[in-house]
Amino acid sequence: MGEMSVSTEVLVLGGGPGGYAAAFRAAQRGLDTTVVTDEADGLGGVCLLRGCIPSKALLEMTGRISLVRAASEAGIHFSEPEVDLGALQDWTDDVVDALVSGLDALAEGRGIRVLEGRGTFESPSRLRVEGAEVSVVDFEHAVIATGSRPVDLPDTPFGGPVWDSERALEMEEIPDTLLVVGAGYVGLEMGTVYARLGSAVTVVETMERILPMVDVELTAPLRSHLDELFDDIRLGSGVESLEGDEDGVEVVLDDGTRERFDAALVAVGRRPRTESLGLEPIGVELDGKGYIPVDETRRTGVDGVFAVGDVTGGKRLAHEAMREGKVAADVIAGEPAAFDARAVPAVVYTDPQIAWCGDLAEEDRSDGAEVDVARFPLRASGRARTMGAGAADGLVKLVTEVGSGRVLGAGFTGRHVESLVTEATLAMEMGATAEDLALTIHPHPTLSEGLGEAAEDILGLPTHFSSSDEAEEDR
Ligand code: FAD
């Protein structure tokens, strides 16, 4: 029997957020669309199967342990929670499965062909697929959305007690002691989950601070919280060697310290999945770090071949990948589209959470702007006070351009601040000013009032709490 082939107008390689967003948009634009993804579980990619969703499910549920304990400050006492790890994992799997089924149904409803197999380009118009019934896809346009995978430490492959984030999400056991290598958001989020479930967590990070990419002021309340939650946080500390055996791991730090842990989660970054895709023969070049360079329409240097999501670098966040996927599909469909977002928000789901958009730097800014900065401490927020459990330790920070008052950045740290960053992102997208934010009525009592207060502060209006009050308090 000959090999089975299909012809399609749009081939999407990779079924993560970038890929499925591209496929849905292309199909909705009336283009015949085929997705090839090597996920046996279906669409969803790292985000849905091994990233955003399972990690947030675990953070949400284990967060209740902290909240239940903290309720005792208000006279409500619970006995210590009992954790059924299997049931927790089943529940997380159910959350993921429901969302995967939803994506599969959406793909089917849009008439998208989904082939589960591994794709390799043979030419700029042909993909070979391994593992699926169809082995050749001839296409007019391709969107590469193959994502990224965790980086391992030199000479220390993942396996056994040396975990990557995927293994950490499997929740097979709660080690008594867990080493987390890397104080980026994945390390701190997963460290938080395990510490809440009872592991003694030690974090090591080569940089001198946690979350090196985040405004330092926003990280300060989290640092204090993590100092209590974790056993130890060692900054400016690199791993010289890490070795796994049947009893756990032995780590040697660059200061010569040698220590044992039951397991180690290595969360030192991700690298693009560009190997074995057949990119070289079709002329798609990679940059020095292995990412696929693209222009704002998501075109690679090869006619008809686009790339979106983690495989192209950028912030490597799911919502960025989705927007890029939609842009690529729109461009293929002949629509005037480009990835020209003024702000890509980001959220760290620790407790407190950190969320931000734009540039929060006060000087030496990449845009060269001169800025006004206002801060609203959440201890002055009625809503934060009603939440208890340290919710009032947070901060709202607003950065606007001197003169125009345009919003150039905003950052939040506190409980549930994930939803606050959307208003600031919209403000940046619309070119809104401090005055627009100040004149927007924010519902009371909500944490969102903090943004309005910070905007009033920038305008020099008398506010409930201004930055000058804070200076007064500190004196
Ligand atoms: P992926 O999601 O990586 O999908 C790529 C897909 O392509 C995969 O299914 C892969 O198997 C498939 N593939 C690769 N090569 C081939 C091939 N040759 N043939 C066929 N298929 C192939 N981002 C957020 O925005 N918010 C969060 O809260 C968040 N939390 C995270 C938590 C963790 C633990 C991790 C690891 C990541 C998290 N991220 C988060 C990042 C987010 O998961 C990624 O930015 C996002 O998944 C990127 O989407 P993508 O479409 O580019 O690629």
# chains A, B, ... in the order shown; residues from 1 in each chain; ligands from 1
call {"tool": "residues_around", "arguments": {"residues": "stretch 171-182 of chain A", "least_positions_apart": "4", "cutoff": "9 Å", "atoms": "only C-alpha atoms", "output": "PyMOL selection string"}}
result
chain A and resi 85-86+88-89+167+186-188+190-191+194-195+197-207+210-211+238-239+249+251+260-269
call {"tool": "write_last_selection", "arguments": {"atoms": "N, CA, C and O atoms", "output": "compact mmCIF listing (two decimals), in the first residue's frame"}}
result
# COMPACT_ATOMS: atom_id res chain seq x y z
N LEU A 85 -2.56 12.48 47.68
CA LEU A 85 -1.79 12.90 46.50
C LEU A 85 -2.39 12.37 45.20
O LEU A 85 -2.45 13.07 44.18
N GLY A 86 -2.85 11.11 45.24
CA GLY A 86 -3.45 10.50 44.05
C GLY A 86 -4.67 11.27 43.61
O GLY A 86 -4.88 11.55 42.42
N LEU A 88 -5.37 14.37 44.29
CA LEU A 88 -4.95 15.70 43.80
C LEU A 88 -4.51 15.60 42.35
O LEU A 88 -4.87 16.42 41.50
N GLN A 89 -3.74 14.56 42.05
CA GLN A 89 -3.27 14.37 40.68
C GLN A 89 -4.44 14.06 39.75
O GLN A 89 -4.51 14.60 38.64
N ARG A 167 8.19 16.53 35.34
CA ARG A 167 8.24 15.51 36.40
C ARG A 167 7.69 16.09 37.72
O ARG A 167 6.98 15.40 38.45
N VAL A 186 9.08 29.42 37.17
CA VAL A 186 8.74 27.99 37.25
C VAL A 186 9.27 27.39 38.56
O VAL A 186 8.55 26.68 39.28
N GLY A 187 10.52 27.71 38.90
CA GLY A 187 11.11 27.19 40.14
C GLY A 187 10.36 27.65 41.37
O GLY A 187 10.06 26.86 42.27
N LEU A 188 10.01 28.94 41.40
CA LEU A 188 9.34 29.46 42.60
C LEU A 188 7.89 28.97 42.69
O LEU A 188 7.39 28.68 43.79
N MET A 190 6.67 26.05 41.46
CA MET A 190 6.65 24.64 41.85
C MET A 190 7.21 24.44 43.25
O MET A 190 6.75 23.59 44.01
N GLY A 191 8.21 25.25 43.62
CA GLY A 191 8.73 25.21 44.99
C GLY A 191 7.62 25.53 45.98
O GLY A 191 7.50 24.90 47.04
N TYR A 194 5.29 22.47 46.43
CA TYR A 194 5.87 21.40 47.26
C TYR A 194 6.04 21.83 48.71
O TYR A 194 5.82 21.03 49.62
N ALA A 195 6.40 23.10 48.92
CA ALA A 195 6.56 23.57 50.31
C ALA A 195 5.20 23.53 51.02
O ALA A 195 5.11 23.13 52.19
N LEU A 197 2.91 21.48 50.48
CA LEU A 197 2.55 20.08 50.73
C LEU A 197 3.51 19.41 51.72
O LEU A 197 3.38 18.24 52.02
N GLY A 198 4.48 20.16 52.20
CA GLY A 198 5.31 19.64 53.30
C GLY A 198 6.78 19.46 53.01
O GLY A 198 7.52 19.09 53.92
N SER A 199 7.24 19.67 51.76
CA SER A 199 8.68 19.52 51.50
C SER A 199 9.44 20.68 52.12
O SER A 199 8.96 21.82 52.13
N ALA A 200 10.64 20.38 52.61
CA ALA A 200 11.56 21.46 53.01
C ALA A 200 12.29 21.87 51.73
O ALA A 200 13.08 21.10 51.19
N VAL A 201 11.99 23.07 51.24
CA VAL A 201 12.48 23.50 49.93
C VAL A 201 13.68 24.44 50.08
O VAL A 201 13.61 25.41 50.85
N THR A 202 14.75 24.13 49.34
CA THR A 202 15.90 25.04 49.27
C THR A 202 16.04 25.49 47.83
O THR A 202 16.01 24.68 46.91
N VAL A 203 16.16 26.81 47.65
CA VAL A 203 16.33 27.35 46.30
C VAL A 203 17.75 27.85 46.14
O VAL A 203 18.26 28.56 47.03
N VAL A 204 18.40 27.50 45.04
CA VAL A 204 19.69 28.12 44.72
C VAL A 204 19.57 28.86 43.39
O VAL A 204 18.89 28.40 42.47
N GLU A 205 20.20 30.02 43.33
CA GLU A 205 20.08 30.87 42.14
C GLU A 205 21.41 31.59 41.95
O GLU A 205 21.95 32.15 42.90
N THR A 206 21.92 31.56 40.72
CA THR A 206 23.22 32.20 40.48
C THR A 206 23.15 33.72 40.59
O THR A 206 24.12 34.35 41.02
N MET A 207 22.01 34.31 40.23
CA MET A 207 21.89 35.76 40.32
C MET A 207 21.72 36.15 41.79
O MET A 207 21.42 35.31 42.63
N ILE A 210 15.85 36.87 43.50
CA ILE A 210 14.85 35.99 42.91
C ILE A 210 14.23 36.69 41.71
O ILE A 210 14.28 37.92 41.60
N LEU A 211 13.64 35.94 40.81
CA LEU A 211 12.97 36.48 39.63
C LEU A 211 13.78 37.59 38.97
O LEU A 211 13.34 38.75 38.92
N GLY A 238 25.84 29.19 42.52
CA GLY A 238 25.69 28.32 41.36
C GLY A 238 25.89 26.86 41.73
O GLY A 238 26.50 26.56 42.75
N VAL A 239 25.37 25.98 40.86
CA VAL A 239 25.57 24.54 41.08
C VAL A 239 26.82 24.11 40.34
O VAL A 239 26.92 24.27 39.13
N VAL A 249 19.73 13.18 45.58
CA VAL A 249 20.75 13.88 44.80
C VAL A 249 21.82 14.43 45.75
O VAL A 249 21.53 14.74 46.90
N VAL A 251 24.39 17.61 45.73
CA VAL A 251 24.73 18.83 45.01
C VAL A 251 26.00 19.42 45.60
O VAL A 251 26.21 19.38 46.81
N ARG A 260 22.91 16.98 50.50
CA ARG A 260 22.03 15.97 49.89
C ARG A 260 20.57 16.40 50.00
O ARG A 260 20.16 17.03 50.98
N PHE A 261 19.81 16.05 48.99
CA PHE A 261 18.36 16.30 48.99
C PHE A 261 17.68 15.04 48.45
O PHE A 261 18.30 14.25 47.74
N ASP A 262 16.39 14.90 48.76
CA ASP A 262 15.67 13.74 48.24
C ASP A 262 15.42 13.86 46.74
O ASP A 262 15.32 12.85 46.03
N ALA A 263 15.28 15.10 46.27
CA ALA A 263 15.08 15.32 44.83
C ALA A 263 15.51 16.74 44.50
O ALA A 263 15.62 17.59 45.39
N ALA A 264 15.75 16.97 43.20
CA ALA A 264 16.12 18.33 42.76
C ALA A 264 15.29 18.68 41.53
O ALA A 264 15.21 17.88 40.58
N LEU A 265 14.64 19.82 41.58
CA LEU A 265 13.95 20.33 40.39
C LEU A 265 14.87 21.34 39.71
O LEU A 265 15.25 22.35 40.32
N VAL A 266 15.25 21.03 38.48
CA VAL A 266 16.12 21.95 37.74
C VAL A 266 15.22 22.81 36.86
O VAL A 266 14.57 22.32 35.94
N ALA A 267 15.18 24.09 37.18
CA ALA A 267 14.30 25.02 36.44
C ALA A 267 15.14 26.23 36.05
O ALA A 267 14.98 27.32 36.59
N VAL A 268 16.08 25.98 35.12
CA VAL A 268 17.04 27.04 34.77
C VAL A 268 16.75 27.63 33.39
O VAL A 268 17.58 28.35 32.84
N GLY A 269 15.59 27.32 32.84
CA GLY A 269 15.24 27.93 31.57
C GLY A 269 14.76 26.89 30.56
O GLY A 269 14.68 25.70 30.87
call {"tool": "residues_around", "arguments": {"residues": "A:Leu459", "least_positions_apart": "6", "cutoff": "10 Å", "atoms": "only C-alpha atoms", "output": "JSON list (two decimals) with N, CA and C atoms, in the first residue's frame"}}
result
[["chain", "number", "residue", "atom", "x", "y", "z"],
["A", 372, "ASP", "N", 7.49, 59.55, 35.48],
["A", 372, "ASP", "CA", 6.98, 59.74, 36.83],
["A", 372, "ASP", "C", 6.61, 58.35, 37.36],
["A", 374, "ALA", "N", 4.61, 56.31, 40.63],
["A", 374, "ALA", "CA", 3.82, 56.37, 41.87],
["A", 374, "ALA", "C", 3.65, 54.96, 42.41],
["A", 405, "GLY", "N", 1.94, 62.05, 30.28],
["A", 405, "GLY", "CA", 1.20, 61.25, 31.26],
["A", 405, "GLY", "C", 0.87, 59.86, 30.77],
["A", 434, "ALA", "N", -2.31, 58.84, 32.81],
["A", 434, "ALA", "CA", -2.59, 58.78, 34.26],
["A", 434, "ALA", "C", -3.96, 59.39, 34.52],
["A", 435, "GLU", "N", -4.29, 60.43, 33.77],
["A", 435, "GLU", "CA", -5.59, 61.09, 33.99],
["A", 435, "GLU", "C", -6.74, 60.14, 33.65],
["A", 438, "ALA", "N", -7.09, 57.84, 36.47],
["A", 438, "ALA", "CA", -7.60, 58.51, 37.67],
["A", 438, "ALA", "C", -9.10, 58.79, 37.54],
["A", 453, "GLU", "N", -5.58, 55.16, 42.55],
["A", 453, "GLU", "CA", -4.89, 55.98, 43.56],
["A", 453, "GLU", "C", -3.49, 56.36, 43.08]]
call {"tool": "residues_around", "arguments": {"residues": "A:Ala361", "least_positions_apart": "3", "cutoff": "8 Å", "atoms": "only C-alpha atoms", "output": "list in words"}}
result
Asp215, Asp364 and Arg365 of chain A
call {"tool": "write_last_selection", "arguments": {"atoms": "N, CA, C and O atoms", "output": "PDB file, in the first residue's frame"}}
result
ATOM      1  N   ASP A 215      10.895  43.519  38.101  1.00  0.00           N
ATOM      2  CA  ASP A 215      11.230  44.723  38.866  1.00  0.00           C
ATOM      3  C   ASP A 215      11.475  44.340  40.334  1.00  0.00           C
ATOM      4  O   ASP A 215      10.631  43.695  40.967  1.00  0.00           O
ATOM      5  N   ASP A 364      17.546  54.986  32.838  1.00  0.00           N
ATOM      6  CA  ASP A 364      18.208  54.145  31.818  1.00  0.00           C
ATOM      7  C   ASP A 364      17.205  53.254  31.093  1.00  0.00           C
ATOM      8  O   ASP A 364      17.414  52.048  30.918  1.00  0.00           O
ATOM      9  N   ARG A 365      16.112  53.835  30.711  1.00  0.00           N
ATOM     10  CA  ARG A 365      15.058  53.052  30.056  1.00  0.00           C
ATOM     11  C   ARG A 365      15.395  52.808  28.595  1.00  0.00           C
ATOM     12  O   ARG A 365      16.021  53.648  27.948  1.00  0.00           O
TER      13      ARG A 365
END
call {"tool": "select_by_dssp", "arguments": {"residues": "stretch 49-251 of chain A", "states": "strand (DSSP E)", "output": "PyMOL selection string"}}
result
chain A and resi 113-116+118-123+126-130+136-144+148-150+162-163+177-181+200-205+232-235+239-245+248-251
call {"tool": "closest_residue", "arguments": {"among": "A:Leu451, A:Cys357, A:Leu395, A:Val12", "to": "A:Ala220", "atoms": "only C-alpha atoms"}}
result
A:Leu395
call {"tool": "residues_around", "arguments": {"residues": "A:Glu60", "least_positions_apart": "6", "cutoff": "10 Å", "atoms": "only C-alpha atoms", "output": "MDAnalysis selection string"}}
result
chainID A and resid 54 193 349:350
call {"tool": "write_last_selection", "arguments": {"atoms": "N, CA and C atoms", "output": "mmCIF file, in the first residue's frame"}}
result
data_model
loop_
_atom_site.group_PDB
_atom_site.id
_atom_site.type_symbol
_atom_site.label_atom_id
_atom_site.label_comp_id
_atom_site.auth_asym_id
_atom_site.auth_seq_id
_atom_site.Cartn_x
_atom_site.Cartn_y
_atom_site.Cartn_z
ATOM 1 N N PRO A 54 -1.689 22.722 34.531
ATOM 2 C CA PRO A 54 -1.487 21.891 35.728
ATOM 3 C C PRO A 54 -0.793 22.644 36.860
ATOM 4 N N VAL A 193 4.380 25.032 45.582
ATOM 5 C CA VAL A 193 3.461 23.880 45.670
ATOM 6 C C VAL A 193 4.023 22.829 46.629
ATOM 7 N N TYR A 349 2.516 33.253 39.668
ATOM 8 C CA TYR A 349 1.376 32.818 40.500
ATOM 9 C C TYR A 349 1.792 32.335 41.887
ATOM 10 N N THR A 350 2.797 32.973 42.438
ATOM 11 C CA THR A 350 3.192 32.659 43.811
ATOM 12 C C THR A 350 2.232 33.378 44.763
#
call {"tool": "residues_around", "arguments": {"residues": "A:Ala427", "least_positions_apart": "3", "cutoff": "10 Å", "atoms": "only C-alpha atoms", "output": "ChimeraX atom specification"}}
result
/A:342-343,406-410,421-424,430-434,436-437
call {"tool": "select_by_dssp", "arguments": {"residues": "stretch 235-428 of chain A", "states": "helix (DSSP H, G or I)", "output": "ChimeraX atom specification"}}
result
/A:279-282,309-312,318-332,378-380,382-387,391-393,417-419,421-428
call {"tool": "closest_residue", "arguments": {"among": "A:Arg383, A:Arg110, A:Arg196, A:Arg149", "to": "A:Val311", "atoms": "only C-alpha atoms"}}
result
A:Arg149
call {"tool": "closest_residue", "arguments": {"among": "A:Leu103, A:Val68, A:Trp163, A:Val305", "to": "A:Leu127", "atoms": "only C-alpha atoms"}}
result
A:Val305
call {"tool": "residues_around", "arguments": {"residues": "A:Ala23", "least_positions_apart": "6", "cutoff": "8 Å", "atoms": "only C-alpha atoms", "output": "ChimeraX atom specification"}}
result
/A:10,12,33-35,112,325,329
